[in-house]
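**Q** The structure file data16.csv (CSV, C-alpha atoms) is provided below.
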chain,number,residue,atom,x,y,z
A,16,MET,CA,-101.1,12.3,92.2
A,17,ARG,CA,-103.5,14.9,93.5
A,18,ALA,CA,-100.6,17.2,94.3
A,19,GLN,CA,-99.2,16.8,90.8
A,20,ALA,CA,-102.6,17.4,89.2
A,21,THR,CA,-102.9,20.6,91.2
A,22,GLU,CA,-99.5,21.7,90.0
A,23,PHE,CA,-100.6,20.9,86.4
A,24,LEU,CA,-103.7,23.1,86.7
A,25,ARG,CA,-101.7,25.9,88.3
A,26,ALA,CA,-99.2,25.8,85.5
A,27,LEU,CA,-102.0,25.7,82.9
A,28,ARG,CA,-103.5,28.9,84.5
A,29,ARG,CA,-100.2,30.6,84.4
A,30,HIS,CA,-99.7,29.7,80.8
A,31,ARG,CA,-103.1,31.1,79.8
A,32,GLU,CA,-102.5,34.3,81.8
A,33,SER,CA,-99.2,34.9,80.0
A,34,GLY,CA,-101.0,35.1,76.7
A,35,ALA,CA,-98.9,32.5,75.0
A,36,GLY,CA,-99.7,31.5,71.5
A,37,THR,CA,-101.1,34.9,70.5
A,38,GLY,CA,-98.5,35.4,67.8
A,39,THR,CA,-96.2,33.1,66.0
A,40,GLN,CA,-93.5,35.6,65.1
A,41,SER,CA,-92.7,36.3,68.8
A,42,GLY,CA,-92.2,32.7,69.8
A,43,PRO,CA,-88.8,31.2,70.7
A,44,GLY,CA,-88.6,29.5,67.3
A,45,ALA,CA,-89.3,32.5,65.2
A,46,SER,CA,-86.4,33.7,63.1
A,47,GLY,CA,-85.4,37.1,61.8
A,48,PRO,CA,-84.0,40.3,63.3
A,49,GLY,CA,-87.3,41.2,64.9
A,50,ARG,CA,-87.5,38.0,66.9
A,51,THR,CA,-88.2,38.4,70.6
A,52,ALA,CA,-87.9,35.8,73.4
A,53,PRO,CA,-91.0,34.2,74.8
A,54,PRO,CA,-92.3,35.6,78.1
A,55,ALA,CA,-90.5,34.1,81.1
A,56,ASP,CA,-93.8,33.1,82.7
A,57,ASP,CA,-94.8,31.2,79.6
A,58,VAL,CA,-91.5,29.3,79.6
A,59,ASP,CA,-91.8,28.4,83.3
A,60,ALA,CA,-95.4,27.4,82.8
A,61,VAL,CA,-94.7,25.1,79.9
A,62,ARG,CA,-91.9,23.5,81.9
A,63,ALA,CA,-94.2,23.0,84.9
A,64,LEU,CA,-96.8,21.5,82.6
A,65,ARG,CA,-94.3,19.0,81.2
A,66,ARG,CA,-92.9,18.1,84.6
A,67,ALA,CA,-96.3,17.5,86.2
A,68,ALA,CA,-97.5,15.4,83.2
A,69,ARG,CA,-94.3,13.3,83.4
A,70,ARG,CA,-94.7,12.7,87.1
A,71,ILE,CA,-98.3,11.7,86.8
A,72,SER,CA,-97.5,9.4,83.9
A,73,GLY,CA,-94.7,7.8,85.9
A,74,THR,CA,-96.9,7.3,88.9
A,75,LEU,CA,-99.5,5.6,86.7
A,76,HIS,CA,-96.9,3.3,85.3
A,77,THR,CA,-95.7,2.1,88.6
A,78,PHE,CA,-98.9,2.0,90.6
A,79,GLN,CA,-101.4,1.1,87.8
A,80,PRO,CA,-102.6,-2.1,89.5
A,81,LEU,CA,-104.1,0.0,92.3
A,82,LEU,CA,-106.0,2.3,89.9
A,83,ASP,CA,-109.0,2.0,87.6
A,84,ALA,CA,-107.7,0.0,84.7
A,85,ALA,CA,-109.7,1.7,82.0
A,86,TRP,CA,-108.9,5.2,83.3
A,87,ALA,CA,-105.1,4.4,83.6
A,88,GLU,CA,-104.9,2.8,80.2
A,89,GLU,CA,-106.5,5.9,78.7
A,90,MET,CA,-104.5,8.4,80.5
A,91,ARG,CA,-100.9,7.1,80.2
A,92,PRO,CA,-100.6,7.5,76.4
A,93,GLU,CA,-102.2,10.9,76.5
A,94,LEU,CA,-99.8,12.1,79.2
A,95,ALA,CA,-96.8,10.6,77.3
A,96,TRP,CA,-97.9,12.5,74.2
A,97,LEU,CA,-98.3,15.8,76.0
A,98,SER,CA,-95.0,15.6,77.9
A,99,GLY,CA,-93.1,14.5,74.7
A,100,THR,CA,-94.6,17.2,72.6
A,101,LEU,CA,-93.8,20.0,75.1
A,102,ALA,CA,-90.3,18.7,75.6
A,103,MET,CA,-89.2,18.9,71.9
A,104,GLU,CA,-88.7,22.6,71.6
A,105,HIS,CA,-86.5,22.8,74.7
A,106,ALA,CA,-84.6,19.7,73.5
A,107,TYR,CA,-83.7,21.3,70.2
A,108,ALA,CA,-82.6,24.6,71.8
A,109,SER,CA,-80.4,22.8,74.4
A,110,ARG,CA,-78.9,20.6,71.7
A,111,LEU,CA,-78.0,23.6,69.6
A,112,GLU,CA,-76.4,25.4,72.5
A,113,ARG,CA,-74.4,22.3,73.5
A,114,LEU,CA,-73.1,21.8,69.9
A,115,LEU,CA,-72.1,25.4,69.4
A,116,GLN,CA,-70.3,25.6,72.7
A,117,ALA,CA,-68.5,22.4,71.9
A,118,LEU,CA,-67.5,23.9,68.5
A,119,HIS,CA,-66.2,26.9,70.2
A,120,ARG,CA,-64.2,24.9,72.7
A,121,LEU,CA,-62.7,22.6,70.1
A,122,SER,CA,-61.8,25.3,67.5
A,123,GLY,CA,-61.3,28.4,69.6
A,124,SER,CA,-63.3,30.3,67.0
A,125,SER,CA,-66.3,32.6,67.7
A,126,ALA,CA,-67.2,33.1,64.1
A,127,PHE,CA,-70.3,30.9,64.2
A,128,PRO,CA,-73.7,32.1,65.5
A,129,ALA,CA,-74.5,32.2,69.2
A,130,PRO,CA,-77.1,29.7,70.4
A,131,ARG,CA,-80.6,30.8,70.9
A,132,PRO,CA,-81.6,30.8,74.6
A,133,ALA,CA,-84.0,28.1,75.6
A,134,ASP,CA,-85.4,30.0,78.5
A,135,ARG,CA,-85.1,33.3,80.4
A,136,THR,CA,-81.7,32.3,82.0
A,137,ALA,CA,-80.2,30.6,79.0
A,138,ALA,CA,-79.0,33.8,77.4
A,139,ALA,CA,-77.0,34.8,80.5
A,140,THR,CA,-75.8,31.3,80.9
A,141,ALA,CA,-74.6,31.0,77.3
A,142,THR,CA,-72.8,34.4,77.6
A,143,THR,CA,-71.1,33.4,80.8
A,144,THR,CA,-70.2,30.0,79.5
A,145,THR,CA,-68.8,31.4,76.2
A,146,THR,CA,-66.7,34.0,78.1
A,147,ALA,CA,-65.4,31.4,80.5
A,148,THR,CA,-64.7,28.9,77.7
A,149,THR,CA,-62.8,31.6,75.7
A,150,ALA,CA,-60.7,32.4,78.8
A,151,ALA,CA,-60.0,28.8,79.5
A,152,ALA,CA,-59.0,28.2,75.9
A,153,ALA,CA,-56.7,31.2,75.9
A,154,THR,CA,-55.2,30.9,79.4
A,155,PRO,CA,-54.4,27.4,80.8
A,156,VAL,CA,-54.2,26.7,84.5
A,157,GLY,CA,-51.1,28.1,86.1
A,158,GLY,CA,-50.6,31.4,84.1
A,159,PRO,CA,-51.0,33.0,80.7
A,160,ALA,CA,-50.1,30.9,77.7
A,161,PRO,CA,-47.2,31.9,75.5
A,162,ALA,CA,-48.0,32.8,71.9
A,163,ARG,CA,-47.7,29.8,69.7
A,164,PRO,CA,-49.0,28.9,66.2
A,165,ALA,CA,-52.1,26.7,65.9
A,166,SER,CA,-51.6,23.1,64.9
A,167,PRO,CA,-52.6,22.1,61.4
A,168,ASP,CA,-55.5,20.0,62.7
A,169,ARG,CA,-56.8,22.9,64.8
A,170,GLY,CA,-56.4,25.3,61.9
A,171,SER,CA,-58.4,23.0,59.7
A,172,LEU,CA,-61.1,22.8,62.4
A,173,THR,CA,-61.2,26.5,62.8
A,174,VAL,CA,-61.8,26.9,59.0
A,175,GLY,CA,-64.8,24.6,59.0
A,176,ALA,CA,-66.2,25.6,62.4
A,177,ALA,CA,-68.0,28.7,61.2
A,178,LYS,CA,-69.9,26.9,58.4
A,179,ALA,CA,-70.5,23.9,60.6
A,180,GLY,CA,-72.0,26.1,63.3
A,181,ALA,CA,-74.2,27.9,60.7
A,182,LEU,CA,-75.4,24.6,59.3
A,183,LEU,CA,-76.3,23.3,62.8
A,184,ASP,CA,-78.0,26.6,63.6
A,185,ARG,CA,-80.2,26.4,60.5
A,186,GLN,CA,-81.2,22.8,60.9
A,187,LEU,CA,-81.9,22.8,64.6
A,188,THR,CA,-83.6,26.2,64.6
A,189,LEU,CA,-85.9,25.0,61.9
A,190,ALA,CA,-86.6,21.9,64.0
A,191,ARG,CA,-87.2,24.0,67.0
A,192,THR,CA,-89.6,26.3,65.1
A,193,ARG,CA,-91.6,23.3,64.0
A,194,ALA,CA,-91.6,21.9,67.5
A,195,HIS,CA,-92.8,25.3,68.8
A,196,SER,CA,-95.7,25.3,66.3
A,197,THR,CA,-96.6,21.7,67.2
A,198,ALA,CA,-96.6,22.6,70.9
A,199,LEU,CA,-98.9,25.6,70.3
A,200,GLN,CA,-101.3,23.4,68.2
A,201,ALA,CA,-101.3,20.7,70.9
A,202,LEU,CA,-102.1,23.2,73.7
A,203,GLY,CA,-105.0,24.5,71.7
A,204,SER,CA,-106.4,21.1,70.6
A,205,SER,CA,-109.4,19.3,71.9
A,206,ARG,CA,-107.1,16.4,72.8
A,207,PHE,CA,-105.2,18.6,75.3
A,208,HIS,CA,-108.4,20.0,76.7
A,209,ALA,CA,-109.7,16.4,77.3
A,210,VAL,CA,-106.5,15.6,79.2
A,211,ALA,CA,-106.8,18.8,81.2
A,212,ASP,CA,-110.4,18.0,82.2
A,213,LYS,CA,-109.4,14.5,83.4
A,214,ILE,CA,-106.5,16.0,85.4
A,215,ALA,CA,-108.9,18.5,86.9
A,216,LEU,CA,-111.0,15.6,88.2
A,217,LEU,CA,-107.8,13.8,89.4
A,218,ALA,CA,-107.0,16.8,91.5
A,219,SER,CA,-110.0,16.1,93.6
A,220,GLU,CA,-110.3,12.3,93.5
A,221,VAL,CA,-108.0,9.5,92.4
A,222,PRO,CA,-109.9,6.7,90.7
A,223,LEU,CA,-108.7,3.8,92.8
A,224,ARG,CA,-109.8,0.2,92.5
A,225,ALA,CA,-111.9,-1.2,95.4
A,226,PRO,CA,-110.2,-3.8,97.5
A,227,GLY,CA,-111.2,-7.3,96.6
A,228,ARG,CA,-112.6,-6.2,93.2
A,229,PRO,CA,-109.4,-5.8,91.0
A,230,ASP,CA,-111.3,-5.8,87.7
A,231,ARG,CA,-113.9,-3.2,88.5
A,232,ALA,CA,-113.5,0.4,89.3
A,233,ALA,CA,-115.2,2.0,92.3
A,234,ALA,CA,-115.4,5.6,93.3
A,235,PRO,CA,-114.3,5.6,96.9
A,236,THR,CA,-116.0,8.1,99.1
A,237,PRO,CA,-113.9,10.4,101.3
A,238,GLU,CA,-115.3,8.7,104.4
A,239,ALA,CA,-114.2,5.2,103.2
A,240,THR,CA,-111.2,5.6,101.0
A,241,PRO,CA,-109.5,2.2,100.6
A,242,SER,CA,-105.9,1.9,101.8
A,243,PHE,CA,-103.3,0.2,99.7
A,244,ASP,CA,-99.7,-0.8,100.4
A,245,LEU,CA,-97.5,1.0,97.9
A,246,ARG,CA,-94.3,-0.7,99.0
A,247,PRO,CA,-94.6,-3.9,96.9
A,248,LEU,CA,-95.1,-1.9,93.6
A,249,ALA,CA,-92.3,0.5,94.5
A,250,ALA,CA,-90.0,-2.5,95.3
A,251,ALA,CA,-90.9,-3.9,91.9
A,252,ALA,CA,-89.9,-0.7,90.2
A,253,GLU,CA,-86.6,-0.8,92.0
A,254,GLU,CA,-86.0,-4.4,91.0
A,255,ARG,CA,-86.6,-3.5,87.4
A,256,LEU,CA,-84.0,-0.8,87.6
A,257,THR,CA,-81.5,-3.0,89.3
A,258,ASP,CA,-81.9,-5.7,86.6
A,259,ALA,CA,-81.5,-3.1,83.9
A,260,VAL,CA,-78.3,-1.7,85.5
A,261,THR,CA,-76.9,-5.3,86.0
A,262,ALA,CA,-77.3,-5.8,82.2
A,263,LEU,CA,-75.2,-2.7,81.5
A,264,PRO,CA,-71.5,-3.2,80.6
A,265,LEU,CA,-70.3,-1.4,83.7
A,266,VAL,CA,-66.9,-3.1,83.6
A,267,ALA,CA,-66.3,-1.6,80.2
A,268,ALA,CA,-67.6,1.7,81.4
A,269,GLY,CA,-65.0,1.7,84.2
A,270,SER,CA,-62.8,3.6,81.8
A,271,PRO,CA,-63.7,7.2,81.2
A,272,TYR,CA,-63.0,6.7,77.4
A,273,ASN,CA,-64.0,3.2,76.4
A,274,ALA,CA,-62.1,2.5,73.1
A,275,GLN,CA,-64.3,-0.4,72.2
A,276,ALA,CA,-67.5,1.6,72.5
A,277,LEU,CA,-66.0,4.6,70.7
A,278,VAL,CA,-65.2,2.4,67.7
A,279,HIS,CA,-68.9,1.5,67.4
A,280,GLY,CA,-70.0,5.0,68.3
A,281,LEU,CA,-67.9,6.5,65.5
A,282,SER,CA,-69.2,4.1,62.8
A,283,PRO,CA,-70.9,5.7,59.7
A,284,ASP,CA,-74.1,3.7,60.3
A,285,PRO,CA,-76.9,6.4,60.3
A,286,ALA,CA,-79.1,4.2,62.7
A,287,PRO,CA,-79.1,5.1,66.4
A,288,HIS,CA,-76.2,3.7,68.3
A,289,PRO,CA,-77.4,0.2,69.6
A,290,GLN,CA,-75.3,0.6,72.8
A,291,ASP,CA,-77.2,3.8,73.8
A,292,ALA,CA,-80.6,2.1,74.0
A,293,PRO,CA,-80.0,0.2,77.3
A,294,TRP,CA,-78.6,3.3,78.9
A,295,HIS,CA,-81.7,5.3,77.9
A,296,GLN,CA,-83.9,2.6,79.3
A,297,VAL,CA,-82.0,2.7,82.6
A,298,ARG,CA,-82.5,6.5,82.7
A,299,LEU,CA,-86.3,6.0,82.4
A,300,LEU,CA,-86.4,3.3,85.0
A,301,LEU,CA,-84.3,5.4,87.3
A,302,ARG,CA,-86.8,8.2,87.0
A,303,LEU,CA,-89.7,5.8,87.7
A,304,HIS,CA,-87.9,4.6,90.8
A,305,ARG,CA,-87.4,8.2,92.0
A,306,TYR,CA,-91.1,8.9,91.5
A,307,ALA,CA,-92.0,5.8,93.4
A,308,LEU,CA,-89.8,6.9,96.3
A,309,GLU,CA,-91.5,10.3,96.3
A,310,ALA,CA,-94.9,8.6,96.4
A,311,LEU,CA,-93.8,6.5,99.4
A,312,ALA,CA,-92.5,9.6,101.1
A,313,GLY,CA,-95.8,11.3,100.5
A,314,ALA,CA,-97.8,8.4,101.8
A,315,GLY,CA,-95.6,8.2,104.9
A,316,ALA,CA,-96.1,11.9,105.4
A,317,GLY,CA,-99.9,11.5,105.1
A,318,ASN,CA,-99.9,8.8,107.7
A,319,ASP,CA,-97.8,10.4,110.4
A,320,GLY,CA,-98.3,14.0,109.5
A,321,ASN,CA,-94.5,14.7,109.4
A,322,THR,CA,-94.3,16.1,105.9
A,323,GLY,CA,-90.9,17.8,106.3
A,324,ASN,CA,-88.8,14.7,106.8
A,325,ALA,CA,-90.6,12.8,104.0
A,326,VAL,CA,-90.1,15.5,101.5
A,327,ASN,CA,-86.5,16.3,102.4
A,328,THR,CA,-85.3,12.7,102.3
A,329,VAL,CA,-83.1,12.6,99.2
A,330,ASP,CA,-80.9,9.7,97.9
A,331,VAL,CA,-77.8,11.6,96.7
A,332,ARG,CA,-76.7,8.6,94.8
A,333,LEU,CA,-79.8,8.5,92.7
A,334,LEU,CA,-79.6,12.2,92.0
A,335,ALA,CA,-76.0,11.9,90.8
A,336,ALA,CA,-76.8,8.8,88.7
A,337,GLY,CA,-79.7,10.6,87.1
A,338,GLU,CA,-77.6,13.6,86.3
A,339,ALA,CA,-75.0,11.4,84.6
A,340,LEU,CA,-77.7,9.6,82.5
A,341,ASP,CA,-79.1,13.0,81.5
A,342,ARG,CA,-75.7,14.0,80.3
A,343,HIS,CA,-75.5,10.7,78.5
A,344,ARG,CA,-78.8,11.3,76.7
A,345,ASP,CA,-77.8,14.9,75.8
A,346,ALA,CA,-74.4,13.9,74.4
A,347,SER,CA,-75.7,11.0,72.4
A,348,GLU,CA,-78.5,13.1,70.8
A,349,ALA,CA,-76.0,15.9,70.1
A,350,ALA,CA,-73.7,13.4,68.4
A,351,ALA,CA,-76.5,12.1,66.3
A,352,ALA,CA,-77.4,15.7,65.3
A,353,ALA,CA,-73.8,16.4,64.3
A,354,ALA,CA,-73.7,13.2,62.2
A,355,GLN,CA,-77.0,14.1,60.5
A,356,ALA,CA,-75.6,17.5,59.6
A,357,ALA,CA,-72.5,15.9,58.2
A,358,ARG,CA,-74.7,14.0,55.8
A,359,THR,CA,-76.0,17.2,54.2
A,360,PRO,CA,-75.3,17.1,50.5
A,361,ARG,CA,-72.6,19.3,48.9
A,362,ILE,CA,-71.0,20.7,52.0
A,363,ALA,CA,-67.4,21.7,52.0
A,364,PRO,CA,-64.7,19.2,53.2
A,365,ALA,CA,-63.7,21.6,56.0
A,366,THR,CA,-67.3,21.7,57.2
A,367,ALA,CA,-67.6,17.9,57.2
A,368,TYR,CA,-64.3,17.6,59.0
A,369,ALA,CA,-65.5,20.0,61.8
A,370,LEU,CA,-68.7,18.1,62.1
A,371,GLY,CA,-66.8,14.8,62.3
A,372,VAL,CA,-64.6,16.2,65.1
A,373,LEU,CA,-67.7,17.5,66.9
A,374,HIS,CA,-69.4,14.1,66.6
A,375,ALA,CA,-66.3,12.3,68.0
A,376,ASP,CA,-66.2,14.8,70.9
A,377,GLN,CA,-69.8,14.1,71.8
A,378,ARG,CA,-69.3,10.4,71.7
A,379,HIS,CA,-66.4,10.9,74.1
A,380,GLU,CA,-68.8,12.8,76.3
A,381,VAL,CA,-71.2,9.8,76.1
A,382,GLU,CA,-68.4,7.5,77.4
A,383,ALA,CA,-67.5,10.0,80.1
A,384,ALA,CA,-71.1,10.0,81.3
A,385,ARG,CA,-71.2,6.2,81.4
A,386,TYR,CA,-68.1,6.3,83.5
A,387,ALA,CA,-69.6,8.8,85.9
A,388,PHE,CA,-72.8,6.7,86.2
A,389,GLN,CA,-71.0,3.5,87.1
A,390,HIS,CA,-68.7,5.4,89.5
A,391,CYS,CA,-71.6,6.9,91.5
A,392,TRP,CA,-73.8,3.9,91.2
A,393,ARG,CA,-71.4,1.6,93.0
A,394,LYS,CA,-71.1,3.9,95.9
A,395,GLU,CA,-73.0,3.2,99.1
A,396,PRO,CA,-76.3,5.1,99.2
A,397,ILE,CA,-76.2,8.3,101.3
A,398,ARG,CA,-79.4,9.9,102.5
A,399,LEU,CA,-79.6,13.5,103.7
A,400,PRO,CA,-81.8,14.1,106.8
Could you quickly redo this structure as structure tokens?

**A**
Amino acid sequence: MRAQATEFLRALRRHRESGAGTGTQSGPGASGPGRTAPPADDVDAVRALRRAARRISGTLHTFQPLLDAAWAEEMRPELAWLSGTLAMEHAYASRLERLLQALHRLSGSSAFPAPRPADRTAAATATTTTTATTAAAATPVGGPAPARPASPDRGSLTVGAAKAGALLDRQLTLARTRAHSTALQALGSSRFHAVADKIALLASEVPLRAPGRPDRAAAPTPEATPSFDLRPLAAAAEERLTDAVTALPLVAAGSPYNAQALVHGLSPDPAPHPQDAPWHQVRLLLRLHRYALEALAGAGAGNDGNTGNAVNTVDVRLLAAGEALDRHRDASEAAAAAAQAARTPRIAPATAYALGVLHADQRHEVEAARYAFQHCWRKEPIRLP
């Protein structure tokens, strides 16, 4: 926790030195021909702030019984507020990029606007991906494709893709602009400064409970720091994850495109898909489990002095499962954004059709991510030395 607090303070200093927030028109959410991208240092600093806040919050969640109760209960909601607020702008930018690339892949049309880069590398990535996608759509594996007329469905999709892309660009860019303004206000608020002050104190001293006095906090001195066994709480976090995974329909997810889930996923109900919630919960529990393992590795390194082996020990299965659940989250949120755009009043039928195809495509991606998760989760754990 002290290491993550130090990372938070270092990222905060970088953010202040970059001069972020000095002008609203130059932010990543600003619109217009004169819009410029945010400084790369600012983007990296905000990402580091969000990552450190999330890790501290996850550690508090797992090891709260070992910490001062009042301090932990006060810090957890503040860290959740901070990490959630800072994550929204990047989430909207990534969602827009994902949807526009999917539209391009499905329709083969480049008539809709290019996605706005979410960070300093997103512009190059988007350009490279768009070029590769265009080549893949035009040239299948095995040689150049012969000239052939487009199918009626693909032609109808191409007609509505441009307007669908423009509609998504307007809606998600507006949401990103608002998220950017909200993040700037949060970073300049007294609430954020209070959190930063507490994290500054955390960098020097963790408020642990004294052994034998679970209901009262004590400030341990460096000479007599109480020792706690982190393994039972880490094992409890792993057990919660295992129970949540057991409750998932992994048998149904054994098919890359689960027809039964797709029927529910393509329903016109505007409410969030009920089947997605358990998978999102598993994603959060998996993250907490990974953070607990990192805390155990750090404690082991502190005891034997061998920091290299502790830090470099990685569970490849957990990493692959986490990546699959991240794709699941991104696809489900993108599908919801496409469905929301399709409910816009007075849009053309071709636009609504393109958004419907896009929504179905993202729900297919959801099922593919579930299949990838169950496929890697059932493998035997492999650890890299």

**Q** Kindly provide, as lines of an AutoDock Vina configuration file, the centre and edge lengths (Å, one decimal) of an axis-aligned box around all atoms of range 92-96 of chain A given in the file, with 5 Å on each side.

**A**
center_x = -99.5
center_y = 10.0
center_z = 76.7
size_x = 15.4
size_y = 15.0
size_z = 15.0

**Q** Could you list as a VMD selection string every residue that has an atom within 9 Å of (-74.6, 2.6, 74.5), using the file's coordinates and counting only C-alpha atoms?

**A** chain A and resid 263 to 264 276 280 288 to 295 347 381 to 382 385

**Q** Show which residues sit within 8 Å of Phe388 in chain A, as a ChimeraX atom specification. Count all atoms listed in the file, and ignore same-chain residues fewer than 5 positions away.

**A** /A:335-337,339-340

**Q** Could you check how far CA of Asp376 in chain A sits from CA of Ala117 in chain A, in Å to one decimal?

**A**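 Straight-line distance from CA of Asp376 in chain A to CA of Ala117 in chain A works out to 8.0 Å.
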
**Q** Would you mind listing what lies within 9 Å of His30 in chain A as a PyMOL selection string, with all atoms listed in the file counted and same-chain residues fewer than 6 positions away left out?

**A** chain A and resi 56-61+64

**Q** I'd like the interatomic distance between CA of Arg342 in chain A and CA of Arg193 in chain A, to a tenth of an Å.

**A**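 Separating CA of Arg342 in chain A from CA of Arg193 in chain A is a distance of 24.6 Å.
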
**Q** Under the rule that all atoms listed in the file are counted, which of A:Trp86, A:Glu338, A:Arg110, A:Ala383 is the nearest residue to Leu217 in chain A?

**A**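 Ranking A:Trp86, A:Glu338, A:Arg110, A:Ala383 by distance to Leu217 in chain A, first place goes to A:Trp86.
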
**Q** Using only C-alpha atoms, which of the listed residues (A:Asp184, A:Glu104, A:Asp244, A:Glu93) sits closest to Phe78 in chain A?

**A** A:Asp244

**Q** Please, what distance in Å, to one decimal, runs between CA of Pro360 in chain A and CA of Gln377 in chain A?

**A**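 A separation of 22.2 Å between them.
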
**Q** Kindly indicate which residue among A:Ala369, A:Ala350, A:Val331, A:Ala375 lies nearest to Leu182 in chain A, using all atoms listed in the file for the distances.

**A**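 Looking only at the distances to Leu182 in chain A, the closest residue turns out to be A:Ala369.
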